[in-house]
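K.L.:
The following block contains the structure, expressed as structure tokens.
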Amino acid sequence: MGVLTLACFSSLVGSKSLDFTLKLAKTAADKGHTVNLWLSSNGTMIGKAHQKHLKDYSHAEKPVRELLEKGVQICECEACALARGIQKPEAIEGVQWNAMHWYLAKIYSSDRVLHVGGE
Amino acid sequence: MGVLTLACFSSLVGSKSLDFTLKLAKTAADKGHTVNLWLSSNGTMIGKAHQKHLKDYSHAEKPVRELLEKGVQICECEACALARGIQKPEAIEGVQWNAMHWYLAKIYSSDRVLHVGGE
Amino acid sequence: MKLGVFVNDYKSTVETVERLTAEKLGLIFIQNGVFHAALKENGKPSPLLDKTGNLYALSEDLATRGLTAADVDSRVKVVTYSDVVDLIFNDYEKLAWL
Amino acid sequence: MKLGVFVNDYKSTVETVERLTAEKLGLIFIQNGVFHAALKENGKPSPLLDKTGNLYALSEDLATRGLTAADVDSRVKVVTYSDVVDLIFNDYEKLAWL
Amino acid sequence: MADIKLAFVIQRPPYKSETSTLGFTHAISYQVVEMLLEDGQNVIPTVCLVGEGVLNLIKDQKAMENYGVTSVESHGKNSLLVDLDMLVCKEDMERFGLAEDRLLDAEDMGADKKLQIVPYAEIQKVLEDSNHLLFF
Amino acid sequence: MADIKLAFVIQRPPYKSETSTLGFTHAISYQVVEMLLEDGQNVIPTVCLVGEGVLNLIKDQKAMENYGVTSVESHGKNSLLVDLDMLVCKEDMERFGLAEDRLLDAEDMGADKKLQIVPYAEIQKVLEDSNHLLFF
């Protein structure tokens with residue numbers, strides 16, 4: 001079993017990169033691997049609670065809560081979130097807020113890193 | 001003097017398309033033209049109040065309030081906003097919420113339309 | 001038709017623009033589209049500059065990228081936001097953002 | 001190095017991929033990257049398929065776009081999310097997302 | 001002038017961003033725009049698919065099954081169902097090697113309209129006949 | 001292994017998305033990562049600029065004046081100031097007709113480091129020597 005650190009810089013809605021990242025994280029965790037997930041740029045939109053689930057749009061709140069239950073560590077870039085008007089009390093409980101060095105520190109002890117860039 | 005309807009589907013942060021659209025709207029309004037602005041997709045992030053102004057990121061709250069004062073009508077796509085977890089009470093006062101037909105109706109009585117697409 | 005096209009990107013826009021025709025066509029280079037006006041890739045100016053005689057580049061977007069009027073191909077007119085509003089209302093009836 | 005490249009787009013990725021070399025190179029086509037595995041533009045398969053013998057396409061992303069295994073070039077192996085996790089840990093040491 | 005013609009030009013591939021979906025949904029909204037207009041005022045959209053945009057029309061998309069979101073195909077079918085004219089660029093179909101039977105139709109939903117596969121020159125004509133252009 | 005080497009490959013143009021800025025800021029954060037690591041554990045990033053990514057380095061960017069945001073140039077200069085190795089692809093400079101004197105330096109800020117303009121083959125070597133790759 002290994003350690004996989006994922007990052008995602010793509011927005012939740014529209015782009016499927018974040019959906020891909022969440023599915024890959026779930027599959028790896030289900031197989032017994034340790035998974036970390038760093039969210040930056042428009043990816044920080046994922047951490048906001050109370051996203052209305054409309055059929056036309058991807059919806060991350062449920063998968064994010066599932067990943068947290070599986071022990072996946074999820075952290076979002078504080079500055080990126082604040083710049084988008086997302087405040088800490090609005091975040092999904094269990095999603096960490098920190099700066100970029102969190103990501104580099106997770107990479108340090110990872111076997112594999114998949115950095116999913118932005119739009 | 002004419003009527004210009006603008007739409008912007010690009011996100012506020014990172015992409016400069018929304019900055020461009022706001023500057024163009026301001027310049028046209030200052031010249032005496034009537035301006036309408038429709039926001040959809042990631043562009044709906046613009047309507048959220050309390051965006052922290054960090055130097056690394058574009059900031060729309062001030063220019064949006066200026067445009068509203070100049071009489072520019074601004075409306076955002078309700079579904080796009082809700083899917084991103086933005087609720088109506090969080091919106092900047094004066095920004096309208098409606099569905100896509102608002103945009104088509106504004107186009108109907110416009111001399112010029114500039115549709116700024118998404119990422 | 002009189003068509004003003006806003007070219008906002010460098011690489012991905014060439015194909016669609018190449019196809020468009022209009023009695024009067026204007027290309028307004030903004031954002032990374034201004035690289036079309038200023039860069040000579042492998043020594044050659046962008047093929048878009050041969051498409052029409054009505055070429056404009058937004059000065060603020062040139063400056064934002066560290067480019068100056070001296071970098072701009074002589075066929076391209078450097079314009080301000082105010083000029084762009086006038087182009088929209090006076091010179092073109094239809095607009096496209098590519 | 002053993003490098004697994006996630007190709008997630010159709011048009012914009014070719015240039016960077018063409019340049020990369022590795023002792024063992026794998027191309028994993030996901031999202032709109034799966035069009036590389038399934039479309040023959042002007043009758044020709046994507047040039048990326050000549051780059052290496054290790055070619056994979058994610059079945060869910062093919063199906064999402066209305067493509068089936070029958071559309072996929074015979075050199076490309078159709079894989080699941082679970083297969084992708086195994087490729088990451090067993091076959092490649094470094095990963096790139098392009 | 002009572003009728004305003006709009007060209008909705010969809011030129012991006014599906015699922016890369018939500019742009020192509022929004023192209024369809026914005027066009028479809030012409031159906032309810034009369035609420036905001038005077039009697040006799042009409043908005044008439046034509047949807048044109050060019051370049052990678054034609055890839056939105058491949059049928060049997062499993063987006064709901066795999067990602068829990070409405071497929072772009074559904075939005076395309078809904079567009080036919082509300083009687084929108086949808087023009088598909090013939091040259092781009094050929095370039096991507098897509099036969100007509102790979103593309104969606106909305107017969108099963110009772111739509112009368114069908115996709116119209118036409119040379120690019122006809123799409124150019126739509127652009128010229130339209131009052132405004134919206135590139136998605 | 002005490003040192004982990006990371007290649008930050010910036011390949012997108014400036015201001016299209018925030019991607020290139022975030023490439024620099026993520027690399028710069030190596031400076032404070034020791035807070036979260038044990039003694040003797042180090043993260044060593046190298047920033048590589050390839051393709052349209054080299055356009056991020058053109059000097060005299062007026063982003064703050066025109067749009068009120070920190071320029072990508074500033075982030076590039078900060079990267080030199082914190083002693084990051086920054087490799088710029090020579091072939092891409094030539095392709096875009098950019099002479100070396102058009103690119104930023106951080107001498108005015110007292111940086112010892114300079115941009116290193118190198119053939120692509122040297123960037124390929126960095127990719128091979130790194131433990132992980134991050135493409136921005």
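Ligands are numbered from 1 in the order shown, chains are lettered A, B, ... in the order of the structure tokens, and residues start at 1 in each chain.
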So which residues touch Asn90 (chain D) within 12 Å, counting only C-alpha atoms, skipping near sequence neighbours fewer than 4 positions away, as a PyMOL selection string?

P.N.:
(chain A and resi 1-2+111-112) or (chain D and resi 2-4+83-86+94)

K.L.:
For the residues in the current selection, export N, CA and C atoms as a PDB file, in the first residue's frame.

P.N.:
```
ATOM      1  N   MET A   1       0.838  -1.190   0.000  1.00  0.00           N
ATOM      2  CA  MET A   1       0.000   0.000   0.000  1.00  0.00           C
ATOM      3  C   MET A   1       0.882   1.252   0.000  1.00  0.00           C
ATOM      4  N   GLY A   2       0.505   2.253  -0.744  1.00  0.00           N
ATOM      5  CA  GLY A   2       1.340   3.435  -0.871  1.00  0.00           C
ATOM      6  C   GLY A   2       0.617   4.708  -0.466  1.00  0.00           C
ATOM      7  N   ASP A 111       4.537   8.455  -2.064  1.00  0.00           N
ATOM      8  CA  ASP A 111       5.128   7.608  -3.100  1.00  0.00           C
ATOM      9  C   ASP A 111       4.804   8.135  -4.493  1.00  0.00           C
ATOM     10  N   ARG A 112       3.610   8.665  -4.628  1.00  0.00           N
ATOM     11  CA  ARG A 112       3.181   9.152  -5.929  1.00  0.00           C
ATOM     12  C   ARG A 112       2.475  10.492  -5.761  1.00  0.00           C
TER      13      ARG A 112
ATOM     14  N   LYS D   2      10.372   6.360 -15.247  1.00  0.00           N
ATOM     15  CA  LYS D   2       9.099   5.746 -15.644  1.00  0.00           C
ATOM     16  C   LYS D   2       8.013   6.789 -15.452  1.00  0.00           C
ATOM     17  N   LEU D   3       7.501   7.308 -16.555  1.00  0.00           N
ATOM     18  CA  LEU D   3       6.623   8.482 -16.507  1.00  0.00           C
ATOM     19  C   LEU D   3       5.243   8.163 -17.074  1.00  0.00           C
ATOM     20  N   GLY D   4       4.239   8.363 -16.249  1.00  0.00           N
ATOM     21  CA  GLY D   4       2.850   8.210 -16.705  1.00  0.00           C
ATOM     22  C   GLY D   4       2.240   9.580 -16.932  1.00  0.00           C
ATOM     23  N   ASP D  83      -7.945   0.260 -12.422  1.00  0.00           N
ATOM     24  CA  ASP D  83      -6.722   0.002 -13.207  1.00  0.00           C
ATOM     25  C   ASP D  83      -5.784   1.205 -13.152  1.00  0.00           C
ATOM     26  N   VAL D  84      -6.359   2.402 -13.193  1.00  0.00           N
ATOM     27  CA  VAL D  84      -5.521   3.612 -13.184  1.00  0.00           C
ATOM     28  C   VAL D  84      -4.744   3.697 -11.868  1.00  0.00           C
ATOM     29  N   VAL D  85      -5.409   3.391 -10.756  1.00  0.00           N
ATOM     30  CA  VAL D  85      -4.711   3.398  -9.461  1.00  0.00           C
ATOM     31  C   VAL D  85      -3.556   2.393  -9.493  1.00  0.00           C
ATOM     32  N   ASP D  86      -3.782   1.227 -10.056  1.00  0.00           N
ATOM     33  CA  ASP D  86      -2.704   0.227 -10.129  1.00  0.00           C
ATOM     34  C   ASP D  86      -1.575   0.682 -11.054  1.00  0.00           C
ATOM     35  N   LYS D  94       6.690   8.532 -11.739  1.00  0.00           N
ATOM     36  CA  LYS D  94       6.353   9.953 -11.808  1.00  0.00           C
ATOM     37  C   LYS D  94       5.140  10.118 -12.713  1.00  0.00           C
TER      38      LYS D  94
END
```

K.L.:
Could you list, as JSON, numbers by chain, the residues of chain F having an atom within 7 Å of chain C when counting only C-alpha atoms?

P.N.:
{"F": [16, 58, 59, 60, 61, 62, 63, 66, 95, 96, 97]}

K.L.:
Please measure the separation of CA of Phe89 (chain C) and CA of Met35 (chain E), giving the value in Å to one decimal.

P.N.:
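If I compute the distance from CA of Phe89 (chain C) to CA of Met35 (chain E), I get 28.5 Å.
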
K.L.:
With a distance cut-off of 7 Å and only C-alpha atoms, select the neighbouring residues of region 59-61 of chain A, excluding the residue or stretch itself and same-chain residues fewer than 4 positions from it, and output the selection as JSON, numbers by chain.

P.N.:
{"A": [46, 49, 51, 53, 65]}

K.L.:
Restricted to N, CA and C atoms, what would the selected residues look like written as a PDB file, in the first residue's frame?

P.N.:
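Writing the result to part-v6.pdb gives the following:
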```pdb
ATOM      1  N   ILE A  46     -14.816  23.673  -3.952  1.00  0.00           N
ATOM      2  CA  ILE A  46     -15.286  22.371  -3.490  1.00  0.00           C
ATOM      3  C   ILE A  46     -15.598  22.373  -2.001  1.00  0.00           C
ATOM      4  N   ALA A  49     -19.806  24.407   1.916  1.00  0.00           N
ATOM      5  CA  ALA A  49     -21.000  23.626   2.251  1.00  0.00           C
ATOM      6  C   ALA A  49     -22.228  24.222   1.560  1.00  0.00           C
ATOM      7  N   GLN A  51     -23.870  23.456  -1.129  1.00  0.00           N
ATOM      8  CA  GLN A  51     -23.977  23.580  -2.578  1.00  0.00           C
ATOM      9  C   GLN A  51     -25.246  22.870  -3.006  1.00  0.00           C
ATOM     10  N   HIS A  53     -27.604  20.795  -5.153  1.00  0.00           N
ATOM     11  CA  HIS A  53     -27.349  19.754  -6.147  1.00  0.00           C
ATOM     12  C   HIS A  53     -28.366  19.848  -7.269  1.00  0.00           C
ATOM     13  N   ARG A  65     -17.457  14.490   1.718  1.00  0.00           N
ATOM     14  CA  ARG A  65     -17.729  13.924   3.047  1.00  0.00           C
ATOM     15  C   ARG A  65     -17.362  12.435   3.083  1.00  0.00           C
TER      16      ARG A  65
END
```

K.L.:
For chain B against chain C, with a cut-off of 7 Å and counting only C-alpha atoms, what is the closest atom pair and its distance in Å to one decimal for every residue that makes the cut, ordered by chain and number, as JSON lines?

P.N.:
```
{"residue": "B:Leu24", "atom": "CA", "partner": "C:Tyr81", "partner_atom": "CA", "distance": 6.3}
{"residue": "B:Thr27", "atom": "CA", "partner": "C:Ser82", "partner_atom": "CA", "distance": 6.1}
{"residue": "B:Ala28", "atom": "CA", "partner": "C:Val85", "partner_atom": "CA", "distance": 5.9}
{"residue": "B:Arg112", "atom": "CA", "partner": "C:Glu93", "partner_atom": "CA", "distance": 6.7}
{"residue": "B:Val113", "atom": "CA", "partner": "C:Leu95", "partner_atom": "CA", "distance": 6.6}
{"residue": "B:Leu114", "atom": "CA", "partner": "C:Leu95", "partner_atom": "CA", "distance": 5.8}
{"residue": "B:His115", "atom": "CA", "partner": "C:Trp97", "partner_atom": "CA", "distance": 6.4}
{"residue": "B:Val116", "atom": "CA", "partner": "C:Trp97", "partner_atom": "CA", "distance": 5.7}
{"residue": "B:Gly117", "atom": "CA", "partner": "C:Trp97", "partner_atom": "CA", "distance": 6.9}
```

K.L.:
Would you please extract all strand (DSSP E) residues from chain B, as assigned by DSSP on the backbone, and give them as a list in words?

P.N.:
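Residues of chain B classed as strand (DSSP E): Val3, Leu4, Thr5, Leu6, Ala7, Cys8, Thr34, Val35, Asn36, Leu37, Trp38, Leu39, Gln73, Ile74, Cys75, Glu76, Cys77, Gln96, Trp97, Asn98, Arg112, Val113, Leu114, His115 and Val116 of chain B.
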
K.L.:
Please identify every residue of chain B that has at least one atom no more than 7 Å from any atom of chain F, counting only C-alpha atoms, and report them as number ranges by chain.

P.N.:
B: 14-16, 55-58

K.L.:
Extract, using only C-alpha atoms, all DNA, RNA and protein residues at most 8 Å from Leu48 (chain D), discarding same-chain residues fewer than 6 positions from it, and format them as a JSON list (two decimals) with N, CA, C and O atoms, in the first residue's frame.

P.N.:
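So result24.json came out as:
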```
[["chain", "number", "residue", "atom", "x", "y", "z"],
["D", 14, "VAL", "N", -0.84, 18.19, -27.47],
["D", 14, "VAL", "CA", 0.07, 17.45, -28.33],
["D", 14, "VAL", "C", 1.51, 17.95, -28.24],
["D", 14, "VAL", "O", 2.45, 17.17, -28.06],
["D", 17, "VAL", "N", 3.46, 16.89, -25.03],
["D", 17, "VAL", "CA", 3.68, 15.44, -24.98],
["D", 17, "VAL", "C", 4.74, 15.02, -25.99],
["D", 17, "VAL", "O", 5.60, 14.18, -25.69],
["D", 18, "GLU", "N", 4.71, 15.60, -27.17],
["D", 18, "GLU", "CA", 5.67, 15.24, -28.22],
["D", 18, "GLU", "C", 7.10, 15.37, -27.72],
["D", 18, "GLU", "O", 7.99, 14.62, -28.12],
["D", 36, "HIS", "N", -8.23, 11.32, -28.47],
["D", 36, "HIS", "CA", -7.00, 10.85, -29.11],
["D", 36, "HIS", "C", -7.07, 9.35, -29.40],
["D", 36, "HIS", "O", -6.52, 8.87, -30.39]]
```

K.L.:
Report as a list in words all protein, DNA and RNA residues lying within 7 Å of Ile4 (chain E), evaluated on only C-alpha atoms, omitting residues in the same chain fewer than 5 positions from it.

P.N.:
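Residues meeting the cut-off are Tyr108 of chain B; Asn42, Val43, Ile44 and Asn131 of chain E.
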
K.L.:
Please write the residues from the selection above to a file, keeping C-alpha atoms, as a PDB file, in the first residue's frame.

P.N.:
```
ATOM      1  CA  TYR B 108     -33.695  42.037 -27.915  1.00  0.00           C
TER       2      TYR B 108
ATOM      3  CA  ASN E  42     -39.636  37.489 -30.851  1.00  0.00           C
ATOM      4  CA  VAL E  43     -36.183  36.095 -30.350  1.00  0.00           C
ATOM      5  CA  ILE E  44     -35.259  33.369 -32.862  1.00  0.00           C
ATOM      6  CA  ASN E 131     -28.612  40.281 -35.614  1.00  0.00           C
TER       7      ASN E 131
END
```

K.L.:
Can you tell me how far CA of His101 (chain B) sits from CA of Ala27 (chain E), in Å to one decimal?

P.N.:
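Atom-to-atom, CA of His101 (chain B) and CA of Ala27 (chain E) are spaced 8.9 Å apart.
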